[in-house]
Amino acid sequence: MQQFVVPQFIDVEDKIIGPVTVRQFIIMLFGFMLIALCYKIFDFSAFLFFGLIIFAVSGIISFTRINGMAFHFFILNFIQTSKRPSLRVWDNRHNAIKRDEADSRKTLVEEKNTLLAKHYDVSRLAELALIADTHGTFGGRTTDQENVRRPDTAEEDARPAGLADVNQKKDLPMTD
């Protein structure tokens, strides 16, 4: 069995100068750059006031850890937590929208089934075959509604009973 090296102490940051890590060094460098900018902009008393505040804030952000977490991560988590609502309320409207969508899907399926249930007579099937054979060049002469018979509507034929069998055979597909 092959052995693997399991990394340990992955939360320990690399030290660059004594006990100072790269993250701490960059934060303090940014703080010193802000202090230098304050030295150029303000007079000495304002420089001391803003310089001490910037030095304290950058020191707190870079060196303070709360619950084993860097201070800036703690502040970010605190802001995100305070933005979230502390009380969660169930909203039933979302379920009502889903029910409405399901009902509309059912009606669409029912409409589709009624459209699929159409039966065409032989002359309409011959016309559709001609349209398919000519790749749509022949557009057809009649509308769809003229030659459509619905199976649920019973039509009374005025023909004799012997010809009723012939009409039923006309609705069947032609096979060789």
# chains A, B, ... in the order shown; residues from 1 in each chain; ligands from 1
>>> residues_around(residues="A:Asp11", least_positions_apart="4", cutoff="12 Å", atoms="only C-alpha atoms", output="number ranges by chain")
A: 7, 68-70
>>> atom_distance(atom1="atom CA of A:Phe9", atom2="atom CA of A:Ile60")
23.8 Å
>>> atom_distance(atom1="atom CA of A:Ile27", atom2="atom CA of A:Phe44")
24.0 Å
>>> residues_around(residues="A:Thr64", least_positions_apart="6", cutoff="12 Å", atoms="only C-alpha atoms", output="PDB file with C-alpha atoms, in the first residue's frame")
ATOM      1  CA  GLN A  24       0.868  41.501   7.694  1.00  0.00           C
ATOM      2  CA  ALA A  56      -3.468  51.887  14.968  1.00  0.00           C
ATOM      3  CA  VAL A  57      -6.002  50.648  12.396  1.00  0.00           C
ATOM      4  CA  SER A  58      -3.349  49.032  10.186  1.00  0.00           C
ATOM      5  CA  ALA A  70      -7.575  37.217  10.730  1.00  0.00           C
ATOM      6  CA  PHE A  71      -9.248  40.468  11.784  1.00  0.00           C
ATOM      7  CA  HIS A  72     -10.206  41.579   8.267  1.00  0.00           C
ATOM      8  CA  PHE A  73     -11.894  38.202   7.629  1.00  0.00           C
ATOM      9  CA  PHE A  74     -13.721  38.572  10.948  1.00  0.00           C
ATOM     10  CA  ILE A  75     -14.975  42.042   9.946  1.00  0.00           C
TER      11      ILE A  75
END
>>> atom_distance(atom1="atom CA of A:Thr21", atom2="atom CA of A:Ile66")
16.8 Å
>>> closest_residue(among="A:Ile41, A:Ile53, A:Ile61, A:Ala46", to="A:Met28", atoms="only C-alpha atoms")
A:Ile61
